[in-house]
Amino acid sequence: MTAAFTTRQIDSRERFAFWHDVVCRHCIPADSQCLDERPFHGSLSVRHYGDVAISTMAASSHRWRRQSHHLSHDSDDDLWLGFLESATARLDQDQRRITIGPGDLVLYDACRPFEWCLSASALHLVRLPRAPLMRRLASTESLTARPIPTTLPGATSLKALIHDGARLDAGASSTGLGEAMVDLAALVLEGLGGAGDDRNDALYRRLCHYLRQQHQDCSLSLERIARDNHVSRRTLTRLFARHGQTPMAALWAIRLEQSRATLRAGGTRSITEVALEHGFTSVSHFSRSFRRAYGHSPSTLLRATRHAPETM
C-alpha cells in the first residue's frame with residue numbers, strides 16, 4: 001500500500017498545519033515547528049511492506065520533538081531508521097546528538113523522547129517492528145543517535161534496500177521485502193552494538209542473551225554474571241564498556257523493556273506484580289526508573305492498556 005501527500009495545492013498559511021497532521025497520522029505523533037521564514041513546502045510518501053513502512057519526505061527546514069506527553073498517550077513503540085539521501089539533519093536522543101549528511105543512517109526509538117531538526121530533499125524514515133529486533137538485541141539505548149558505519153556487515157545492503165523500497169509500488173506480495181529489511185537491520189544493529197573482534201562479539205551476544213534469560217532473578221549480581229559465564233569481573237566490565245554500558249545498566253534496561261512489554265500485553269493485575277516478576281525489589285524504584293526511561297509512569301501505561309478498546 002502506498003500513500004502520497006504534498007502541500008503544493010494547500011494555501012501557504014495552512015501548509016505547515018496540514019504537514020503536521022499528515023506526519024503525525026502516518027509517522028509518529030510529536031510537536032513540530034517550522035524553522036523557515038519562507039512559505040513552507042513538503043511532500044511525503046508512505047509505503048508499507050508487511051510490518052515495515054518507509055516514509056520518504058522532502059520539506060523546508062523544520063523541527064519534530066517527541067516528548068513525555070506523547071509517550072503517555074501514544075502506543076507506538078517501534079524502532080525507526082533515518083536514512084538521508086541529500087541535505088542535512090540533526091537527531092537528539094538518549095543524551096546524544098548526531099548530525100547526519102547524505103548517505104548516513106541512524107537509529108531512533110519511538111518509546112523514548114527524541115528531537116529531529118531537518119531540511120531534507122530526501123529523508124527516508126523506516127518503521128521497524130520492535131519484537132523481532134529485540135530477540136537479537138539486548139537493548140537499544142546504547143545504539144540510538146550514533147553513527148552507523150558503512151563498514152558494518154549488512155549496512156551497504158540495508159541502505160540499498162531502503163533506497164529501492166522507497167521507489168517501488170508497495171503491494172500485498174511485497175511482505176518479503178519488509179522481512180528482509182528487518183533481518184538486515186538486526187544484523188547491522190548487532191554489529192553497531194558489538195564493536196570488536198569476533199571473539200568479543202560472540203561473548204557480548206552470549207552475555208546479553210544470558211541477561212535476557214535471567215533478568216527476572218532479583219539476586220543477579222556482577223559477581224554471579226561473571227561466574228556463570230566463566231569470565232572475570234574485569235573482562236565483563238570492559239566488554240560492556242566498549243558498548244557504552246555497564247553490565248548492571250544493561251540488565252536494568254532489559255528489565256524495564258520486559259516490564260513495559262508485559263504492561264502493554266495486558267492481563268496483569270498490578271504494578272507491583274509486574275515489578276516483582278521482572279526482577280525489581282522496590283516498586284517505587286521501578287516506577288521512577290520506568291518514568292525516566294519512557295517519559296511516563298507504569299501506572300499510566302497500565303490504565304491505557306486496560307482501556308485499549310476505547311482509547312487506543
# chains A, B, ... in the order shown; residues from 1 in each chain; ligands from 1
>>> closest_atom_pairs(of="segment 151-179 of chain A", to="segment 63-87 of chain A", cutoff="12 Å", atoms="only C-alpha atoms", output="CSV")
residue,atom,partner,partner_atom,distance
A:Ala155,CA,A:Phe83,CA,11.2
A:Thr156,CA,A:Phe83,CA,11.6
A:Leu158,CA,A:Phe83,CA,9.9
A:Lys159,CA,A:Phe83,CA,7.4
A:Ala160,CA,A:Phe83,CA,10.4
A:Leu161,CA,A:Phe83,CA,11.1
A:Ile162,CA,A:Phe83,CA,8.0
A:His163,CA,A:Glu85,CA,8.7
A:Ala166,CA,A:Phe83,CA,10.8
>>> residues_around(residues="segment 35-38 of chain A", least_positions_apart="2", cutoff="8 Å", atoms="only C-alpha atoms", output="tab-separated table (two decimals) with C-alpha atoms, in the first residue's frame")
chain	number	residue	atom	x	y	z
A	33	GLN	CA	7.91	23.85	14.49
A	40	PHE	CA	6.65	26.02	3.81
A	60	SER	CA	11.54	23.01	4.26
A	61	SER	CA	13.54	23.41	7.46
A	62	HIS	CA	11.53	22.32	10.50
A	63	ARG	CA	11.75	20.52	13.84
>>> closest_residue(among="A:Glu14, A:Arg167, A:Ala145, A:Pro153", to="Ser55 of chain A", atoms="only C-alpha atoms")
A:Arg167
>>> select_by_dssp(residues="segment 23-198 of chain A", states="strand (DSSP E)", output="VMD selection string")
chain A and resid 31 to 34 42 to 49 52 to 59 62 to 66 79 to 93 96 to 100 105 to 109 114 to 128
>>> atom_distance(atom1="atom CA of Leu276 of chain A", atom2="atom CA of Leu256 of chain A")
11.7 Å
